[in-house]
Amino acid sequence: MNRLPRIAPWVFFALAAALCVAAFHERLIPTIPTVGAAVAAVQDQAPPDQGQDPAAANVAPGGPSYTTQAPPPPGQPAAPGQPPDDSTYAEQPTETATEAPPPLPDYDQPPPPADGYIWTPGYWGWGPAGYYWVPGAWVEPPYMGALWTPGYWGFYSGRYSFYPGHWGMHIGFYGGLNYGFGYVGFGYEGGYWNSGHFFYNRTYNHLDARVVHNVYSYNAGNRARIDSRTSFNGGSRGVQVRPRPAEAAAYREPTAPRMSTQVQHAQSYASDRGQQAAQNHGRPATPAVSRPLPADRNVRPAPNRGGQPKENHR
């Protein structure tokens, strides 16, 4: 009868030790973010004690918040003052299709190979066999301070057009799509440049602390757009947003087109059956690659005065 009180302290000590070991083990095993996990993270309300978002520097000063005016329905002209397509705040379209791209797949992000690499999310390309998935990849930026605005599909005048991504000092419009890993639909929460160094947000990236050294944590909370798998802007089923003034302002700044290494990366998967939507049913064999893409040192930002469409540098 008296044995239980005598051993109770030892039982308590054993339980406490087990909890400490479990907590330590959890810290040693990194959590690998996926697109779905990244979307779930950004839907949580940001804690009030985080302070200022350091990645806010990725957004150009542009006035009030975005409008929710959607592109015109199929077969109807644009509203007065609204462009018929995205030619005034995006690169000229390079591909067109008559069918919508598949939903964005859920996939793991590989860790960055070293400091200074920028994550470029995967997307659906268009080729002779239809849609195919271009894997996400870490890319060496072409110049210091460069940020990647992803490409996106937009629906206008009864067809889908692909507006390729570009490099710039601020993040432009990418259709309001939530690509995950910091690309939450507006701006970029995956990291930011500071004094010539890129700082990575561990909330949105899979990081190896032995490889990258400039790390911080910030949860953007419910400011992210929650269309987690929608892969295009406009139409009846796409993301229904128009560019914010800050996104239009970013495109009026000097920007640079895709590097040749990025174009070659996309083309190398066009004929891969495992990447084709008709074969993989929305689950590509290679959703992301761990091998980084090198920089093309010949890419430099060019001015875009007056917000007029740039020449297509393909």
# chains A, B, ... in the order shown; residues from 1 in each chain; ligands from 1
>>> select_by_dssp(residues="range 57-274 of chain A", states="strand (DSSP E or B)", output="VMD selection string")
chain A and resid 95 to 97 108 118 to 120 123 to 127 130 to 134 136 to 139 147 to 149 152 to 156 159 to 163 166 to 168 180 183 191 to 194 197 to 201 215 to 216 232 to 233 239 255 to 257
>>> select_by_dssp(residues="range 176-312 of chain A", states="alpha helix (DSSP H)", output="number ranges by chain")
A: 245-252, 260-267, 277-280
>>> atom_distance(atom1="CA of Tyr156 in chain A", atom2="CA of Gln240 in chain A")
12.4 Å
>>> atom_distance(atom1="CA of Thr255 in chain A", atom2="CA of Ala97 in chain A")
26.3 Å
>>> closest_residue(among="A:Val289, A:Ala266, A:Val299, A:Ala220", to="Ala56 in chain A", atoms="only C-alpha atoms")
A:Ala220
>>> closest_residue(among="A:Thr286, A:Ser236, A:Gln276, A:Asn194", to="Pro54 in chain A", atoms="only C-alpha atoms")
A:Asn194
>>> residues_around(residues="Asn298 in chain A", least_positions_apart="4", cutoff="10 Å", atoms="only C-alpha atoms", output="number ranges by chain")
A: 142-143, 259-260
>>> closest_atom_pairs(of="range 83-153 of chain A", to="range 178-187 of chain A", cutoff="12 Å", atoms="only C-alpha atoms", output="JSON lines")
{"residue": "A:Pro103", "atom": "CA", "partner": "A:Tyr179", "partner_atom": "CA", "distance": 10.7}
{"residue": "A:Leu104", "atom": "CA", "partner": "A:Tyr179", "partner_atom": "CA", "distance": 7.6}
{"residue": "A:Pro105", "atom": "CA", "partner": "A:Tyr179", "partner_atom": "CA", "distance": 9.5}
{"residue": "A:Asp106", "atom": "CA", "partner": "A:Gly180", "partner_atom": "CA", "distance": 9.1}
{"residue": "A:Tyr107", "atom": "CA", "partner": "A:Gly180", "partner_atom": "CA", "distance": 9.7}
{"residue": "A:Asp108", "atom": "CA", "partner": "A:Phe181", "partner_atom": "CA", "distance": 9.7}
{"residue": "A:Gln109", "atom": "CA", "partner": "A:Phe181", "partner_atom": "CA", "distance": 7.8}
{"residue": "A:Pro110", "atom": "CA", "partner": "A:Phe181", "partner_atom": "CA", "distance": 10.8}
{"residue": "A:Pro111", "atom": "CA", "partner": "A:Phe181", "partner_atom": "CA", "distance": 11.3}
{"residue": "A:Ile118", "atom": "CA", "partner": "A:Gly182", "partner_atom": "CA", "distance": 11.0}
{"residue": "A:Trp119", "atom": "CA", "partner": "A:Phe181", "partner_atom": "CA", "distance": 8.1}
{"residue": "A:Thr120", "atom": "CA", "partner": "A:Tyr183", "partner_atom": "CA", "distance": 9.3}
{"residue": "A:Pro121", "atom": "CA", "partner": "A:Tyr179", "partner_atom": "CA", "distance": 6.4}
{"residue": "A:Gly122", "atom": "CA", "partner": "A:Tyr179", "partner_atom": "CA", "distance": 7.9}
{"residue": "A:Tyr123", "atom": "CA", "partner": "A:Tyr179", "partner_atom": "CA", "distance": 8.5}
{"residue": "A:Trp124", "atom": "CA", "partner": "A:Tyr179", "partner_atom": "CA", "distance": 11.5}
{"residue": "A:Gly136", "atom": "CA", "partner": "A:Tyr179", "partner_atom": "CA", "distance": 10.0}
{"residue": "A:Ala137", "atom": "CA", "partner": "A:Phe181", "partner_atom": "CA", "distance": 11.6}
{"residue": "A:Trp138", "atom": "CA", "partner": "A:Phe181", "partner_atom": "CA", "distance": 11.7}
{"residue": "A:Leu147", "atom": "CA", "partner": "A:Gly187", "partner_atom": "CA", "distance": 10.1}
{"residue": "A:Trp148", "atom": "CA", "partner": "A:Tyr183", "partner_atom": "CA", "distance": 9.9}
{"residue": "A:Thr149", "atom": "CA", "partner": "A:Gly187", "partner_atom": "CA", "distance": 8.5}
{"residue": "A:Pro150", "atom": "CA", "partner": "A:Tyr183", "partner_atom": "CA", "distance": 8.5}
{"residue": "A:Gly151", "atom": "CA", "partner": "A:Tyr179", "partner_atom": "CA", "distance": 10.4}
{"residue": "A:Tyr152", "atom": "CA", "partner": "A:Tyr179", "partner_atom": "CA", "distance": 9.9}
>>> write_last_selection(atoms="N, CA and C atoms", output="tab-separated table (two decimals), in the first residue's frame")
chain	number	residue	atom	x	y	z
A	103	PRO	N	-5.25	22.20	-61.57
A	103	PRO	CA	-4.92	22.79	-60.26
A	103	PRO	C	-3.44	22.63	-59.94
A	104	LEU	N	-2.94	23.50	-59.09
A	104	LEU	CA	-1.56	23.41	-58.65
A	104	LEU	C	-1.37	22.17	-57.78
A	105	PRO	N	-0.34	21.37	-58.02
A	105	PRO	CA	-0.13	20.18	-57.19
A	105	PRO	C	0.48	20.55	-55.84
A	106	ASP	N	0.32	19.66	-54.89
A	106	ASP	CA	0.95	19.81	-53.58
A	106	ASP	C	2.27	19.05	-53.61
A	107	TYR	N	3.35	19.69	-53.18
A	107	TYR	CA	4.66	19.05	-53.27
A	107	TYR	C	5.61	19.61	-52.23
A	108	ASP	N	6.71	18.88	-52.00
A	108	ASP	CA	7.73	19.29	-51.05
A	108	ASP	C	8.72	20.25	-51.71
A	109	GLN	N	9.24	21.14	-50.92
A	109	GLN	CA	10.29	22.06	-51.38
A	109	GLN	C	11.65	21.55	-50.92
A	110	PRO	N	12.61	21.41	-51.83
A	110	PRO	CA	13.96	21.04	-51.39
A	110	PRO	C	14.63	22.22	-50.69
A	111	PRO	N	15.60	21.97	-49.82
A	111	PRO	CA	16.27	23.08	-49.15
A	111	PRO	C	17.17	23.84	-50.12
A	118	ILE	N	17.16	32.14	-54.79
A	118	ILE	CA	15.76	32.53	-54.73
A	118	ILE	C	14.89	31.36	-55.20
A	119	TRP	N	13.82	31.08	-54.45
A	119	TRP	CA	12.91	30.01	-54.86
A	119	TRP	C	11.99	30.51	-55.98
A	120	THR	N	11.92	29.72	-57.06
A	120	THR	CA	10.99	29.99	-58.16
A	120	THR	C	9.99	28.84	-58.21
A	121	PRO	N	8.73	29.09	-57.92
A	121	PRO	CA	7.76	27.99	-57.80
A	121	PRO	C	7.46	27.32	-59.14
A	122	GLY	N	7.03	26.07	-59.08
A	122	GLY	CA	6.64	25.36	-60.29
A	122	GLY	C	5.35	25.91	-60.87
A	123	TYR	N	5.11	25.61	-62.15
A	123	TYR	CA	3.91	26.11	-62.85
A	123	TYR	C	3.61	25.21	-64.03
A	124	TRP	N	2.40	25.36	-64.57
A	124	TRP	CA	2.01	24.59	-65.75
A	124	TRP	C	2.43	25.32	-67.02
A	136	GLY	N	9.47	23.38	-59.72
A	136	GLY	CA	10.02	24.47	-58.93
A	136	GLY	C	11.52	24.26	-58.73
A	137	ALA	N	12.25	25.36	-58.57
A	137	ALA	CA	13.71	25.26	-58.46
A	137	ALA	C	14.27	26.48	-57.73
A	138	TRP	N	15.38	26.26	-57.04
A	138	TRP	CA	16.15	27.37	-56.49
A	138	TRP	C	17.02	27.94	-57.61
A	147	LEU	N	14.50	40.10	-57.19
A	147	LEU	CA	13.41	39.26	-56.69
A	147	LEU	C	12.65	38.69	-57.88
A	148	TRP	N	12.06	37.52	-57.70
A	148	TRP	CA	11.37	36.83	-58.78
A	148	TRP	C	9.87	37.00	-58.66
A	149	THR	N	9.26	37.57	-59.69
A	149	THR	CA	7.81	37.60	-59.81
A	149	THR	C	7.39	36.43	-60.68
A	150	PRO	N	6.66	35.44	-60.16
A	150	PRO	CA	6.33	34.25	-60.95
A	150	PRO	C	5.42	34.58	-62.13
A	151	GLY	N	5.46	33.72	-63.12
A	151	GLY	CA	4.51	33.81	-64.23
A	151	GLY	C	3.16	33.25	-63.82
A	152	TYR	N	2.15	33.47	-64.64
A	152	TYR	CA	0.81	32.97	-64.32
A	152	TYR	C	-0.04	32.92	-65.58
>>> closest_residue(among="A:Gly235, A:Tyr188, A:Asn205, A:Gly116", to="Gly172 in chain A", atoms="only C-alpha atoms")
A:Tyr188
>>> atom_distance(atom1="CA of Val211 in chain A", atom2="CA of Trp193 in chain A")
17.4 Å
>>> residues_around(residues="Tyr192 in chain A", least_positions_apart="4", cutoff="8 Å", atoms="only C-alpha atoms", output="list in words")
Pro54, Ala55, Ala57, Asn58, Phe198, Phe199 and Tyr200 of chain A
>>> closest_residue(among="A:Pro93, A:Gly145, A:Pro112, A:Pro101", to="Gly282 in chain A", atoms="only C-alpha atoms")
A:Pro101
>>> decode(residues="range 128-234 of chain A", atoms="C-alpha atoms", output="tab-separated table (two decimals), in the first residue's frame")
chain	number	residue	atom	x	y	z
A	128	PRO	CA	2.32	20.20	-78.25
A	129	ALA	CA	1.03	17.56	-75.83
A	130	GLY	CA	-0.93	20.06	-73.74
A	131	TYR	CA	-0.10	21.19	-70.24
A	132	TYR	CA	3.09	20.01	-68.58
A	133	TRP	CA	4.56	20.82	-65.19
A	134	VAL	CA	7.72	22.92	-64.94
A	135	PRO	CA	9.36	21.92	-61.64
A	136	GLY	CA	10.02	24.47	-58.93
A	137	ALA	CA	13.71	25.26	-58.46
A	138	TRP	CA	16.15	27.37	-56.49
A	139	VAL	CA	17.73	29.91	-58.84
A	140	GLU	CA	20.81	32.06	-58.52
A	141	PRO	CA	19.52	35.61	-59.16
A	142	PRO	CA	21.06	37.53	-62.08
A	143	TYR	CA	22.03	40.52	-59.93
A	144	MET	CA	22.11	41.50	-56.29
A	145	GLY	CA	18.75	42.52	-54.89
A	146	ALA	CA	16.77	40.79	-57.64
A	147	LEU	CA	13.41	39.26	-56.69
A	148	TRP	CA	11.37	36.83	-58.78
A	149	THR	CA	7.81	37.60	-59.81
A	150	PRO	CA	6.33	34.25	-60.95
A	151	GLY	CA	4.51	33.81	-64.23
A	152	TYR	CA	0.81	32.97	-64.32
A	153	TRP	CA	-2.10	32.04	-66.56
A	154	GLY	CA	-4.82	34.63	-67.16
A	155	PHE	CA	-8.19	34.17	-68.87
A	156	TYR	CA	-9.25	36.89	-71.35
A	157	SER	CA	-11.46	36.91	-74.44
A	158	GLY	CA	-12.20	33.20	-74.33
A	159	ARG	CA	-8.62	31.95	-74.08
A	160	TYR	CA	-5.93	31.36	-71.49
A	161	SER	CA	-2.64	33.24	-71.87
A	162	PHE	CA	0.58	32.63	-69.99
A	163	TYR	CA	2.42	35.72	-68.75
A	164	PRO	CA	5.98	34.68	-67.90
A	165	GLY	CA	7.76	35.76	-64.77
A	166	HIS	CA	10.43	38.43	-64.49
A	167	TRP	CA	13.15	39.76	-62.19
A	168	GLY	CA	12.93	43.11	-60.44
A	169	MET	CA	13.62	45.01	-57.25
A	170	HIS	CA	10.01	44.54	-56.09
A	171	ILE	CA	7.37	41.85	-56.59
A	172	GLY	CA	4.85	42.52	-59.34
A	173	PHE	CA	1.50	40.98	-60.21
A	174	TYR	CA	1.33	37.18	-60.55
A	175	GLY	CA	-2.39	36.74	-60.85
A	176	GLY	CA	-3.12	36.55	-57.13
A	177	LEU	CA	-2.15	32.85	-57.22
A	178	ASN	CA	-1.02	31.18	-54.02
A	179	TYR	CA	2.01	29.20	-55.20
A	180	GLY	CA	3.08	28.48	-51.62
A	181	PHE	CA	6.54	28.82	-50.08
A	182	GLY	CA	6.10	32.55	-49.52
A	183	TYR	CA	4.28	33.39	-52.76
A	184	VAL	CA	0.94	33.91	-51.02
A	185	GLY	CA	-0.82	35.78	-53.84
A	186	PHE	CA	0.58	39.24	-53.15
A	187	GLY	CA	4.22	40.08	-52.53
A	188	TYR	CA	6.69	37.49	-51.31
A	189	GLU	CA	6.97	36.29	-47.71
A	190	GLY	CA	9.77	33.75	-48.24
A	191	GLY	CA	12.59	36.20	-47.54
A	192	TYR	CA	14.06	39.59	-48.29
A	193	TRP	CA	17.34	41.32	-49.19
A	194	ASN	CA	19.24	43.30	-46.57
A	195	SER	CA	22.69	44.88	-47.11
A	196	GLY	CA	23.54	42.54	-49.97
A	197	HIS	CA	22.45	39.37	-48.16
A	198	PHE	CA	19.24	37.37	-48.57
A	199	PHE	CA	17.41	36.46	-45.36
A	200	TYR	CA	15.16	33.36	-45.41
A	201	ASN	CA	11.83	33.04	-43.60
A	202	ARG	CA	11.76	29.60	-41.98
A	203	THR	CA	7.95	29.76	-41.76
A	204	TYR	CA	7.68	29.23	-45.53
A	205	ASN	CA	10.92	27.50	-46.53
A	206	HIS	CA	12.57	24.13	-45.92
A	207	LEU	CA	15.96	25.24	-44.59
A	208	ASP	CA	19.15	23.50	-43.58
A	209	ALA	CA	20.81	25.62	-40.89
A	210	ARG	CA	24.18	24.17	-41.86
A	211	VAL	CA	23.87	25.69	-45.34
A	212	VAL	CA	21.95	28.94	-44.94
A	213	HIS	CA	22.79	31.33	-42.13
A	214	ASN	CA	20.52	34.36	-42.47
A	215	VAL	CA	17.21	33.07	-41.09
A	216	TYR	CA	14.18	34.60	-39.38
A	217	SER	CA	10.52	33.74	-38.69
A	218	TYR	CA	7.42	35.70	-39.60
A	219	ASN	CA	3.90	34.41	-40.24
A	220	ALA	CA	1.92	36.56	-42.69
A	221	GLY	CA	-1.29	35.20	-41.19
A	222	ASN	CA	-4.65	35.65	-42.85
A	223	ARG	CA	-3.41	38.38	-45.18
A	224	ALA	CA	-2.64	35.65	-47.72
A	225	ARG	CA	-5.13	34.80	-50.43
A	226	ILE	CA	-6.53	31.35	-49.73
A	227	ASP	CA	-7.21	30.01	-53.25
A	228	SER	CA	-4.68	27.31	-52.47
A	229	ARG	CA	-4.69	25.31	-55.71
A	230	THR	CA	-6.27	27.60	-58.31
A	231	SER	CA	-3.78	27.91	-61.16
A	232	PHE	CA	-5.13	30.84	-63.20
A	233	ASN	CA	-6.60	34.32	-62.92
A	234	GLY	CA	-9.99	35.34	-64.29
